[in-house]
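Below: the structure, in structure tokens.
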Amino acid sequence: MSSPLDLSGPEERTERTEAQVPADSAEHPSDFETPSRAATAPSEPSFAADAAEDDGFDDDDDDTEDAGPEVTDEILAATEALKAAEAEDAQAAAEAGDEAEEPEAVILEPEPEPAANEPELQAPTTTRTGEPAEIDPDEMDPDALKVVLRLHQHGHQAYLVGGCVRDLLLGKKPKDFDVATSAHPGEVRAIFRNCRLIGRRFRLAHVYFKGGKIVEVSTFRANPTELEPAAGAAGAEEGQSGEDLLITHDNVFGTAQQDARRRDFTINGLFYDAAEGRVIDYVRGRRDLDERFIRTIGDPEIRMREDPVRILRAVRFAAKLDLDIESRTYAAMEGAVEDLPRCAPARLLEETFRLIRGGVSAPALKLLAALDALKILLPPVDEYLRENGKEGEKTFYAFAQALDKRVSAGEVLDDAILLAALLVPISRAQPPVEETQDEGRASVSRVIEDLLAGFVESARLPRRIAERCRMLLLMQRTLSGERRRKTGAFRRHPLFNEALAVYAMTVEATDEGREALEAWHAGEVPPPRAGASNGADADGPKRKRRRRRRRRSGNGSGEGGGSGASSGSDAGEG
């Protein structure tokens, strides 16, 4: 299995921590703040013991033959799988940490006091001509300004770049501020004592400030295809043509203008010179911001073929900023969808998560569906939408809107919850897998199992996130009353609150099960749903398992050992 990586990183995380370098850094990684994730679930022994004492998640007053062991088996088995996944991820993270390129501790020293003859570092509020600065310095991050001005003070070009400039010109508050400079990484570290270099092939400087804040400083880069036109032409003449335009490296230093041109979209190619109080526009990005267009820098056909992940980035910017995609750019996106499988699966998954984390999953997924890209990114979702028509679209996007509402309200939802919320409609539409190759491992529908397995194996999704997602989906059947349960052990499960949050989105999206949700919130046990399953689904294949009878007293005497009821479910009673 591939070594799992935390998915909180951005598009450029790969270039910073791995040998694989993405083609774009137009928007900097923290455009979306990553929700904090619980790396490990709380200790679960008490939950397992409670489950044993409670005879599973069955109704307390049920005097009939027990219908709950299957639910107990499912969630206990899934809990054990989650523990194993967390242990595996922790071991992989420890092994990766041993290979870190710069193992020394991060220097977090206070900023040095300025020398007596050193001018005060302060951004001007007016330009040299006396006009007001194009961006009010008060709207900028003071630490990022300090980095820019100190680099200027040492004779280097330095600008605020990319997403922060774009957002400020649109009247939005940037999530972060990043800096591009003519100074090489070693020169940046020599200027800032609170600086650390990261990355292997292309070094980036992280300047640390109080509270753990980081200002990222990158050196101007050039698009390698611009630097080797002769070689490219020769290759075309020899038949090694430009059909394969995928960029595999862009670790070449360049000028400010080259750095602007190598970025993906004109709105991301804007620089801001804080020392002069003016926007530097090499790519006509101001025009497109004014016209509210997303347009590639250069030929859209070439730019999309160079890096098809730009399709997802264009979709995210369109949904996040409420911009239109220019017609030629959109046509190029449609043509480049077939190239998405050539991109690193980890980058595709990360960009997909960034769409969901940004609170714009509904409009973004609609646009991806129109581009026919969901069949590559989320095959079960694409299949669900095709099979269920307009009604399926209505249901699925209602779930996405419920999720967006919570993200926009500032709720901290980890990746397992985000993914589970979007997969609930598929889980509800398809029966669970009754038999699996892994003994004792309960499963959701086959298409979801295949999706999660593929993400873990090829896209480096941490196993713990996949297992948490599986558990959240399994627990929906109990929360909805489809399965009978005993509230004691179920409520004490470490993921109960997360599962209830997903169920609340289900209620909002479908307007079903509100009474059950209110009962769970009130600490009560909602009644089983009409037609609730007493084990295997009534309409699906029955699970082959031996049944056991509930013990009516605690004297330790069973109802006859010859009944064959001493299965694994009984272990919890002993």
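Identifiers in this document derive from the order of the structure tokens: chains are assigned A, B, ..., residues are numbered from 1 separately in each chain, and ligands are numbered from 1 in order of occurrence.
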Problem set entry | Contacts of Asp299 (chain A) within 12 Å, only C-alpha atoms, excl. fewer than 2 positions in-chain, as a VMD selection string | chain A and resid 261 to 262 264 to 266 295 to 297 301 to 306 328 to 329 331 to 333
For this session: Might you pull out every residue within 12 Å of region 497-506 of chain A, with only C-alpha atoms counted and same-chain residues fewer than 6 positions away left off, and present them as a PyMOL selection string?
Result: chain A and resi 37-38+41+395-407+411-425+427-428+468-481+490-491+512-521
Problem set entry | Contact residues around region 376-384 of chain A with only C-alpha atoms at 8 Å, ignoring same-chain residues under 6 positions, as a PyMOL selection string | chain A and resi 340-341+348-349+352+369+392+423+426+447-448+451
Kindly export the residues of the current selection with N, CA and C atoms, as an mmCIF file, in the first residue's frame.
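Full text of part.cif as output:
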```cif
data_model
loop_
_atom_site.group_PDB
_atom_site.id
_atom_site.type_symbol
_atom_site.label_atom_id
_atom_site.label_comp_id
_atom_site.auth_asym_id
_atom_site.auth_seq_id
_atom_site.Cartn_x
_atom_site.Cartn_y
_atom_site.Cartn_z
ATOM 1 N N LEU A 340 -7.163 13.800 -17.596
ATOM 2 C CA LEU A 340 -7.112 13.792 -16.133
ATOM 3 C C LEU A 340 -6.485 12.513 -15.569
ATOM 4 N N PRO A 341 -6.766 11.336 -16.141
ATOM 5 C CA PRO A 341 -6.138 10.128 -15.577
ATOM 6 C C PRO A 341 -4.621 10.121 -15.644
ATOM 7 N N LEU A 348 -5.240 14.868 -7.917
ATOM 8 C CA LEU A 348 -6.651 14.923 -8.276
ATOM 9 C C LEU A 348 -7.529 14.842 -7.032
ATOM 10 N N LEU A 349 -7.181 13.940 -6.127
ATOM 11 C CA LEU A 349 -7.980 13.794 -4.915
ATOM 12 C C LEU A 349 -7.885 15.041 -4.048
ATOM 13 N N THR A 352 -9.986 17.740 -5.476
ATOM 14 C CA THR A 352 -11.391 17.425 -5.254
ATOM 15 C C THR A 352 -11.793 17.768 -3.836
ATOM 16 N N ALA A 369 -19.797 17.874 -13.436
ATOM 17 C CA ALA A 369 -20.704 16.948 -14.109
ATOM 18 C C ALA A 369 -20.953 17.401 -15.548
ATOM 19 N N GLY A 392 -32.471 11.996 -8.936
ATOM 20 C CA GLY A 392 -31.185 11.736 -8.310
ATOM 21 C C GLY A 392 -30.338 12.989 -8.205
ATOM 22 N N LEU A 423 -21.424 10.790 -0.056
ATOM 23 C CA LEU A 423 -21.667 9.402 -0.453
ATOM 24 C C LEU A 423 -22.932 8.821 0.156
ATOM 25 N N ILE A 426 -25.612 7.676 -2.388
ATOM 26 C CA ILE A 426 -25.247 6.431 -3.057
ATOM 27 C C ILE A 426 -25.441 5.251 -2.105
ATOM 28 N N VAL A 447 -19.775 -0.189 -4.697
ATOM 29 C CA VAL A 447 -19.138 0.912 -5.426
ATOM 30 C C VAL A 447 -18.402 1.842 -4.466
ATOM 31 N N ILE A 448 -18.949 2.036 -3.261
ATOM 32 C CA ILE A 448 -18.269 2.883 -2.280
ATOM 33 C C ILE A 448 -17.024 2.189 -1.756
ATOM 34 N N LEU A 451 -14.416 2.591 -4.342
ATOM 35 C CA LEU A 451 -13.919 3.968 -4.391
ATOM 36 C C LEU A 451 -12.917 4.230 -3.274
#
```
For this session: Mind checking which residues fall within 12 Å of Glu187 (chain A), counting only C-alpha atoms, ignoring those fewer than 4 positions away in the same chain, and posting them as a PyMOL selection string?
Result: chain A and resi 151+154-156+181-183+191-193+195-197+203-205+217-219
Please produce a file of the residues just selected, as a compact mmCIF listing (two decimals), in the first residue's frame, where the atoms kept are C-alpha atoms.
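Written output follows (part.txt):
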```
# COMPACT_ATOMS: atom_id res chain seq x y z
CA LEU A 151 13.57 41.89 0.96
CA HIS A 154 18.25 44.13 0.96
CA GLY A 155 18.08 44.96 -2.74
CA HIS A 156 15.75 42.22 -3.98
CA THR A 181 11.03 37.35 -4.88
CA SER A 182 14.16 37.53 -6.98
CA ALA A 183 16.16 36.33 -3.95
CA ILE A 191 17.94 37.63 5.72
CA PHE A 192 15.40 36.06 8.09
CA ARG A 193 16.67 34.26 11.15
CA CYS A 195 13.23 31.00 8.34
CA ARG A 196 13.36 27.37 7.24
CA LEU A 197 13.76 25.97 3.75
CA ARG A 203 13.31 25.08 -2.42
CA LEU A 204 10.75 27.31 -0.75
CA ALA A 205 11.34 29.52 2.28
CA VAL A 217 8.44 32.97 0.06
CA SER A 218 9.14 31.51 -3.39
CA THR A 219 11.79 32.51 -5.89
```
For this session: Enter the distance from CA of Pro142 (chain A) to CA of Leu170 (chain A), in Å, rounded to one decimal.
Result: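 So the two atoms, CA of Pro142 (chain A) and CA of Leu170 (chain A), lie 19.8 Å apart.
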Problem set entry | Closest of A:Glu351, A:Glu131, A:Asp143, A:Glu216 to Phe317 (chain A) - atom-to-atom distances counting only C-alpha atoms |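 Closest residue, counting only C-alpha atoms: A:Glu351.
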Exercise. Rounded to one decimal in Å, what is the spacing between CA of Ile267 (chain A) and CA of Asp141 (chain A)?
Worked result: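 The value is 20.2 Å.
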